[in-house]
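Here's data_17.pdb, which has PDB, C-alpha atoms:
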```pdb
ATOM      1  CA  MET A   1      12.514 -17.568  -0.971  1.00  0.00           C
ATOM      2  CA  THR A   2       8.747 -17.866  -0.735  1.00  0.00           C
ATOM      3  CA  SER A   3       6.540 -15.593  -2.777  1.00  0.00           C
ATOM      4  CA  LEU A   4       5.222 -13.906   0.389  1.00  0.00           C
ATOM      5  CA  ARG A   5       8.757 -13.022   1.452  1.00  0.00           C
ATOM      6  CA  ARG A   6       9.564 -11.770  -2.043  1.00  0.00           C
ATOM      7  CA  ALA A   7       6.373  -9.714  -2.068  1.00  0.00           C
ATOM      8  CA  SER A   8       7.163  -8.227   1.330  1.00  0.00           C
ATOM      9  CA  LEU A   9      10.704  -7.395   0.242  1.00  0.00           C
ATOM     10  CA  ALA A  10       9.402  -5.826  -2.978  1.00  0.00           C
ATOM     11  CA  ALA A  11       6.876  -3.764  -0.994  1.00  0.00           C
ATOM     12  CA  VAL A  12       9.571  -2.546   1.386  1.00  0.00           C
ATOM     13  CA  LEU A  13      11.924  -1.593  -1.451  1.00  0.00           C
ATOM     14  CA  LEU A  14       9.196   0.176  -3.402  1.00  0.00           C
ATOM     15  CA  ALA A  15       8.003   2.079  -0.337  1.00  0.00           C
ATOM     16  CA  LEU A  16      11.550   3.179   0.476  1.00  0.00           C
ATOM     17  CA  ALA A  17      12.252   4.225  -3.097  1.00  0.00           C
ATOM     18  CA  VAL A  18       9.084   6.286  -3.299  1.00  0.00           C
ATOM     19  CA  ALA A  19       9.441   7.882   0.119  1.00  0.00           C
ATOM     20  CA  LEU A  20      13.124   8.784   0.059  1.00  0.00           C
ATOM     21  CA  PRO A  21      13.584  12.489  -0.618  1.00  0.00           C
ATOM     22  CA  ARG A  22      14.901  13.693  -3.918  1.00  0.00           C
ATOM     23  CA  THR A  23      16.877  16.875  -4.600  1.00  0.00           C
ATOM     24  CA  ALA A  24      17.060  19.178  -7.561  1.00  0.00           C
ATOM     25  CA  HIS A  25      19.329  18.631 -10.536  1.00  0.00           C
ATOM     26  CA  ALA A  26      22.926  19.828 -10.351  1.00  0.00           C
ATOM     27  CA  ASP A  27      22.312  22.726 -12.760  1.00  0.00           C
ATOM     28  CA  GLU A  28      19.665  24.284 -10.505  1.00  0.00           C
ATOM     29  CA  PRO A  29      20.877  26.788  -7.882  1.00  0.00           C
ATOM     30  CA  ASP A  30      21.087  25.662  -4.288  1.00  0.00           C
ATOM     31  CA  GLU A  31      18.557  27.876  -2.553  1.00  0.00           C
ATOM     32  CA  PRO A  32      16.998  26.989   0.739  1.00  0.00           C
ATOM     33  CA  ALA A  33      13.319  26.235   0.591  1.00  0.00           C
ATOM     34  CA  PRO A  34      11.178  29.060   1.948  1.00  0.00           C
ATOM     35  CA  ALA A  35       9.847  28.444   5.428  1.00  0.00           C
ATOM     36  CA  SER A  36       6.220  27.490   5.323  1.00  0.00           C
ATOM     37  CA  SER A  37       3.680  26.851   8.016  1.00  0.00           C
ATOM     38  CA  THR A  38       1.469  24.681   5.801  1.00  0.00           C
ATOM     39  CA  PRO A  39       1.771  20.922   6.226  1.00  0.00           C
ATOM     40  CA  HIS A  40       3.485  18.910   3.524  1.00  0.00           C
ATOM     41  CA  TRP A  41       1.345  16.276   1.744  1.00  0.00           C
ATOM     42  CA  TYR A  42       3.132  13.080   0.756  1.00  0.00           C
ATOM     43  CA  GLY A  43       0.019  11.078  -0.086  1.00  0.00           C
ATOM     44  CA  ALA A  44       1.166  10.631  -3.686  1.00  0.00           C
ATOM     45  CA  GLN A  45       3.903   8.350  -2.354  1.00  0.00           C
ATOM     46  CA  THR A  46       1.396   6.124  -0.551  1.00  0.00           C
ATOM     47  CA  LEU A  47      -0.818   6.072  -3.647  1.00  0.00           C
ATOM     48  CA  ILE A  48       2.097   5.000  -5.864  1.00  0.00           C
ATOM     49  CA  VAL A  49       2.913   2.120  -3.523  1.00  0.00           C
ATOM     50  CA  ASP A  50      -0.764   1.130  -3.372  1.00  0.00           C
ATOM     51  CA  GLY A  51      -1.118   1.304  -7.158  1.00  0.00           C
ATOM     52  CA  ALA A  52       1.926  -0.906  -7.690  1.00  0.00           C
ATOM     53  CA  SER A  53       0.598  -3.340  -5.094  1.00  0.00           C
ATOM     54  CA  LEU A  54      -2.806  -3.484  -6.767  1.00  0.00           C
ATOM     55  CA  LEU A  55      -1.200  -4.141 -10.139  1.00  0.00           C
ATOM     56  CA  THR A  56       0.716  -7.096  -8.756  1.00  0.00           C
ATOM     57  CA  ALA A  57      -2.130  -8.413  -6.549  1.00  0.00           C
ATOM     58  CA  PRO A  58      -3.525 -10.714  -9.284  1.00  0.00           C
ATOM     59  CA  LEU A  59      -0.142 -12.455  -9.343  1.00  0.00           C
ATOM     60  CA  GLY A  60      -0.422 -13.027  -5.604  1.00  0.00           C
ATOM     61  CA  VAL A  61       2.478 -10.758  -4.689  1.00  0.00           C
ATOM     62  CA  GLY A  62       0.810  -7.400  -4.052  1.00  0.00           C
ATOM     63  CA  ILE A  63      -1.153  -8.131  -0.882  1.00  0.00           C
ATOM     64  CA  GLY A  64       1.874  -7.545   1.336  1.00  0.00           C
ATOM     65  CA  GLY A  65       2.417  -4.185  -0.351  1.00  0.00           C
ATOM     66  CA  LEU A  66      -1.176  -3.143   0.282  1.00  0.00           C
ATOM     67  CA  VAL A  67      -0.808  -3.868   3.986  1.00  0.00           C
ATOM     68  CA  LEU A  68       2.809  -2.789   4.612  1.00  0.00           C
ATOM     69  CA  GLY A  69       3.673  -0.313   1.837  1.00  0.00           C
ATOM     70  CA  ALA A  70       2.032   2.872   3.097  1.00  0.00           C
ATOM     71  CA  PRO A  71       3.010   2.277   6.759  1.00  0.00           C
ATOM     72  CA  ILE A  72       6.629   2.044   5.589  1.00  0.00           C
ATOM     73  CA  VAL A  73       6.235   5.360   3.748  1.00  0.00           C
ATOM     74  CA  HIS A  74       4.941   6.927   6.980  1.00  0.00           C
ATOM     75  CA  LEU A  75       7.905   5.488   8.913  1.00  0.00           C
ATOM     76  CA  VAL A  76      10.359   6.955   6.395  1.00  0.00           C
ATOM     77  CA  HIS A  77       8.725  10.334   7.066  1.00  0.00           C
ATOM     78  CA  ASP A  78       9.331   9.809  10.812  1.00  0.00           C
ATOM     79  CA  ARG A  79       5.632   9.415  11.581  1.00  0.00           C
ATOM     80  CA  PRO A  80       5.283   6.186  13.598  1.00  0.00           C
ATOM     81  CA  TYR A  81       1.750   6.953  14.817  1.00  0.00           C
ATOM     82  CA  ALA A  82       0.567   7.554  11.263  1.00  0.00           C
ATOM     83  CA  ALA A  83       2.220   4.243  10.295  1.00  0.00           C
ATOM     84  CA  LEU A  84       0.382   2.462  13.102  1.00  0.00           C
ATOM     85  CA  ALA A  85      -2.929   4.073  12.105  1.00  0.00           C
ATOM     86  CA  SER A  86      -2.313   3.142   8.467  1.00  0.00           C
ATOM     87  CA  LEU A  87      -1.569  -0.465   9.394  1.00  0.00           C
ATOM     88  CA  GLY A  88      -4.737  -0.570  11.494  1.00  0.00           C
ATOM     89  CA  LEU A  89      -6.860   0.809   8.664  1.00  0.00           C
ATOM     90  CA  ARG A  90      -5.384  -1.640   6.177  1.00  0.00           C
ATOM     91  CA  THR A  91      -5.996  -4.675   8.341  1.00  0.00           C
ATOM     92  CA  VAL A  92      -9.325  -3.853   9.993  1.00  0.00           C
ATOM     93  CA  LEU A  93     -11.345  -2.214   7.191  1.00  0.00           C
ATOM     94  CA  PRO A  94     -11.005  -5.068   4.643  1.00  0.00           C
ATOM     95  CA  VAL A  95     -12.047  -7.600   7.306  1.00  0.00           C
ATOM     96  CA  VAL A  96     -15.032  -5.486   8.380  1.00  0.00           C
ATOM     97  CA  GLY A  97     -15.975  -4.870   4.741  1.00  0.00           C
ATOM     98  CA  GLY A  98     -15.762  -8.586   3.964  1.00  0.00           C
ATOM     99  CA  TYR A  99     -17.896  -9.425   6.980  1.00  0.00           C
ATOM    100  CA  LEU A 100     -20.537  -6.856   6.004  1.00  0.00           C
ATOM    101  CA  GLY A 101     -20.516  -8.146   2.428  1.00  0.00           C
ATOM    102  CA  LEU A 102     -20.959 -11.717   3.615  1.00  0.00           C
ATOM    103  CA  SER A 103     -23.737 -10.613   5.958  1.00  0.00           C
ATOM    104  CA  ALA A 104     -25.493  -8.895   3.062  1.00  0.00           C
ATOM    105  CA  ALA A 105     -25.508 -12.167   1.111  1.00  0.00           C
ATOM    106  CA  GLY A 106     -27.914 -13.709   3.580  1.00  0.00           C
ATOM    107  CA  THR A 107     -28.309 -17.433   3.987  1.00  0.00           C
ATOM    108  CA  CYS A 108     -28.634 -20.117   1.363  1.00  0.00           C
ATOM    109  CA  HIS A 109     -32.051 -21.737   1.590  1.00  0.00           C
ATOM    110  CA  GLU A 110     -31.560 -24.503  -0.955  1.00  0.00           C
ATOM    111  CA  GLN A 111     -31.726 -28.039   0.321  1.00  0.00           C
ATOM    112  CA  ARG A 112     -28.438 -29.899   0.347  1.00  0.00           C
ATOM    113  CA  GLU A 113     -28.596 -33.546  -0.473  1.00  0.00           C
ATOM    114  CA  SER A 114     -27.003 -35.813   2.077  1.00  0.00           C
ATOM    115  CA  GLY A 115     -23.303 -36.331   1.452  1.00  0.00           C
ATOM    116  CA  ASP A 116     -23.131 -33.480  -1.095  1.00  0.00           C
ATOM    117  CA  PHE A 117     -20.424 -31.219   0.370  1.00  0.00           C
ATOM    118  CA  LEU A 118     -20.010 -29.123  -2.784  1.00  0.00           C
ATOM    119  CA  GLY A 119     -23.701 -28.416  -3.090  1.00  0.00           C
ATOM    120  CA  PRO A 120     -25.375 -25.222  -4.294  1.00  0.00           C
ATOM    121  CA  CYS A 121     -24.497 -23.365  -1.069  1.00  0.00           C
ATOM    122  CA  PHE A 122     -20.770 -24.171  -1.053  1.00  0.00           C
ATOM    123  CA  LEU A 123     -19.529 -20.708  -2.135  1.00  0.00           C
ATOM    124  CA  HIS A 124     -22.660 -18.787  -1.240  1.00  0.00           C
ATOM    125  CA  GLY A 125     -21.711 -15.211  -0.364  1.00  0.00           C
ATOM    126  CA  PHE A 126     -18.127 -15.391  -1.670  1.00  0.00           C
ATOM    127  CA  ASP A 127     -18.707 -12.639  -4.245  1.00  0.00           C
ATOM    128  CA  GLU A 128     -20.203 -10.369  -1.614  1.00  0.00           C
ATOM    129  CA  LEU A 129     -17.307 -11.072   0.749  1.00  0.00           C
ATOM    130  CA  VAL A 130     -14.746 -10.113  -1.920  1.00  0.00           C
ATOM    131  CA  ILE A 131     -16.636  -6.959  -2.887  1.00  0.00           C
ATOM    132  CA  GLY A 132     -16.942  -5.920   0.772  1.00  0.00           C
ATOM    133  CA  ALA A 133     -13.221  -6.502   1.349  1.00  0.00           C
ATOM    134  CA  LEU A 134     -12.351  -4.457  -1.766  1.00  0.00           C
ATOM    135  CA  VAL A 135     -14.544  -1.608  -0.534  1.00  0.00           C
ATOM    136  CA  GLY A 136     -12.720  -1.792   2.813  1.00  0.00           C
ATOM    137  CA  VAL A 137      -9.330  -1.643   1.061  1.00  0.00           C
ATOM    138  CA  SER A 138     -10.477   1.320  -1.046  1.00  0.00           C
ATOM    139  CA  ILE A 139     -11.632   3.251   2.010  1.00  0.00           C
ATOM    140  CA  ALA A 140      -8.355   2.496   3.816  1.00  0.00           C
ATOM    141  CA  VAL A 141      -6.289   3.718   0.844  1.00  0.00           C
ATOM    142  CA  ALA A 142      -8.372   6.887   0.482  1.00  0.00           C
ATOM    143  CA  VAL A 143      -8.273   7.776   4.188  1.00  0.00           C
ATOM    144  CA  ASP A 144      -4.563   7.017   4.382  1.00  0.00           C
ATOM    145  CA  ALA A 145      -3.642   9.271   1.457  1.00  0.00           C
ATOM    146  CA  SER A 146      -6.062  12.083   2.249  1.00  0.00           C
ATOM    147  CA  VAL A 147      -5.907  12.243   6.063  1.00  0.00           C
ATOM    148  CA  LEU A 148      -2.768  10.539   7.377  1.00  0.00           C
ATOM    149  CA  ALA A 149      -0.200  11.556   4.734  1.00  0.00           C
ATOM    150  CA  TYR A 150       0.489  15.062   6.033  1.00  0.00           C
ATOM    151  CA  GLU A 151       3.588  16.038   7.930  1.00  0.00           C
ATOM    152  CA  PRO A 152       4.310  19.335   9.671  1.00  0.00           C
ATOM    153  CA  ALA A 153       6.231  21.898   7.651  1.00  0.00           C
ATOM    154  CA  ARG A 154       9.352  21.568   9.809  1.00  0.00           C
ATOM    155  CA  ALA A 155       9.476  17.802   9.301  1.00  0.00           C
ATOM    156  CA  ALA A 156       9.206  18.256   5.544  1.00  0.00           C
ATOM    157  CA  GLU A 157      12.125  20.698   5.586  1.00  0.00           C
ATOM    158  CA  GLN A 158      14.268  18.270   7.605  1.00  0.00           C
ATOM    159  CA  HIS A 159      14.114  15.723   4.782  1.00  0.00           C
ATOM    160  CA  VAL A 160      16.148  18.018   2.525  1.00  0.00           C
ATOM    161  CA  SER A 161      19.881  17.453   2.882  1.00  0.00           C
ATOM    162  CA  ASP A 162      22.973  19.065   1.411  1.00  0.00           C
ATOM    163  CA  ARG A 163      23.967  15.896  -0.438  1.00  0.00           C
ATOM    164  CA  PRO A 164      22.059  15.194  -3.663  1.00  0.00           C
ATOM    165  CA  ARG A 165      20.018  12.031  -3.479  1.00  0.00           C
ATOM    166  CA  VAL A 166      19.027  10.138  -6.545  1.00  0.00           C
ATOM    167  CA  THR A 167      16.778   7.115  -6.431  1.00  0.00           C
ATOM    168  CA  SER A 168      15.643   4.819  -9.160  1.00  0.00           C
ATOM    169  CA  VAL A 169      13.082   2.046  -9.150  1.00  0.00           C
ATOM    170  CA  ALA A 170      13.018  -0.756 -11.714  1.00  0.00           C
ATOM    171  CA  PRO A 171       9.919  -2.954 -11.307  1.00  0.00           C
ATOM    172  CA  SER A 172       9.847  -6.268 -13.138  1.00  0.00           C
ATOM    173  CA  ILE A 173       6.888  -8.628 -13.559  1.00  0.00           C
ATOM    174  CA  ASP A 174       7.233 -12.069 -15.128  1.00  0.00           C
ATOM    175  CA  PRO A 175       3.752 -13.488 -15.860  1.00  0.00           C
ATOM    176  CA  ILE A 176       5.179 -16.850 -16.954  1.00  0.00           C
ATOM    177  CA  THR A 177       6.754 -17.639 -13.588  1.00  0.00           C
ATOM    178  CA  LYS A 178       4.223 -15.485 -11.737  1.00  0.00           C
ATOM    179  CA  SER A 179       6.934 -13.492 -10.013  1.00  0.00           C
ATOM    180  CA  ALA A 180       7.605  -9.839  -9.499  1.00  0.00           C
ATOM    181  CA  SER A 181      10.620  -7.926  -8.304  1.00  0.00           C
ATOM    182  CA  VAL A 182      11.624  -4.357  -7.650  1.00  0.00           C
ATOM    183  CA  GLY A 183      15.174  -3.113  -8.114  1.00  0.00           C
ATOM    184  CA  LEU A 184      16.316  -0.113  -6.095  1.00  0.00           C
ATOM    185  CA  GLY A 185      19.341   1.988  -6.931  1.00  0.00           C
ATOM    186  CA  GLY A 186      20.859   5.379  -6.319  1.00  0.00           C
ATOM    187  CA  THR A 187      22.533   7.294  -3.506  1.00  0.00           C
ATOM    188  CA  PHE A 188      20.923   7.360  -0.103  1.00  0.00           C
TER     189      PHE A 188
END
```

Step by step, read the file and then write its structure as structure tokens.
Amino acid sequence: MTSLRRASLAAVLLALAVALPRTAHADEPDEPAPASSTPHWYGAQTLIVDGASLLTAPLGVGIGGLVLGAPIVHLVHDRPYAALASLGLRTVLPVVGGYLGLSAAGTCHEQRESGDFLGPCFLHGFDELVIGALVGVSIAVAVDASVLAYEPARAAEQHVSDRPRVTSVAPSIDPITKSASVGLGGTF
């Protein structure tokens, strides 16, 4: 299994584990939640997925989680349009940010000697491109968690079921083999 497939699978499992509803402990009384007209914020779930993806990004396995993790959380909350908007933000803003960063670097005016492919201008603007892309990712994460991660009160109440649900997540990172995995367990 390629590392991209493993990363995508890990992102999907982590997003599902974070987004699946949890119920109270068995010793707490079963009382229905009071009806509320205020929207329910689940942005902490998208932020957890993004944080885990950022932690594993240096190993090359977290990029898929940054792009697909939060949209999966939105889909679990039955919000396909929010998932589509999240996916759009996470693909467009880093590209636009990278382009603006590269544009800010300007042009390299040093003379290249003939036949010198790896001259002084070879990686000109790379730092600016990376910084611009990171700014784009940061804006996408912030907008996703603060604007898109709200569901109507009725939808939040529908996620509560009579059967107790318990989820557990067991992330594992092996820096020697440069691999990461996420174990998912519980009742669903």

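For the set A:Leu123, A:Leu100, A:Ala82, A:Leu89, the residue with the smallest atom-to-atom gap to Val67 in chain A is A:Leu89, counting all atoms listed in the file.
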
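The coordinates place CA of Ala57 in chain A at 14.6 Å from CA of Thr177 in chain A.
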
Here CA of Gly88 in chain A and CA of Gly132 in chain A stand apart by 17.1 Å

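Minimum atom-to-atom distance to Leu54 in chain A, evaluated using all atoms listed in the file, belongs to A:Gly69 out of A:Gly106, A:Gly125, A:Gly101, A:Gly69.
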
Each side padded by 3 Å, which centre and which edge lengths in Å (one decimal) define the axis-aligned box around the listed atoms of range 66-84 of chain A? Give them as AutoDock Vina command-line options.
```
--center_x 4.6 --center_y 3.2 --center_z 7.5 --size_x 17.5 --size_y 20.2 --size_z 20.5
```

Selection dump of the PyMOL selection byres ((chain A and resi 49) around 7), as number ranges by chain: A: 14-15, 45-48, 50-53, 69-70

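Nearest residue to Val96 in chain A, choosing from A:Val137, A:Val147, A:Leu75, A:Gly65 and counting only C-alpha atoms: A:Val137.
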
Work out how far CA of Gly43 in chain A is from CA of Glu151 in chain A, in Å to one decimal. 10.1 Å

Is there a way to get, as number ranges by chain, all residues within 7 Å of the point (-26.8, -9.1, -1.7) in file coordinates, counting all atoms listed in the file? A: 104-105, 128

Given all atoms listed in the file as the counted atoms, nearest of A:Ala149, A:Leu93, A:Ala180, A:Ile173 to His77 in chain A: A:Ala149

Nearest residue to Ile139 in chain A from the set A:Pro152, A:Ser172, A:Phe126, A:Gly97 (distances using only C-alpha atoms): A:Gly97
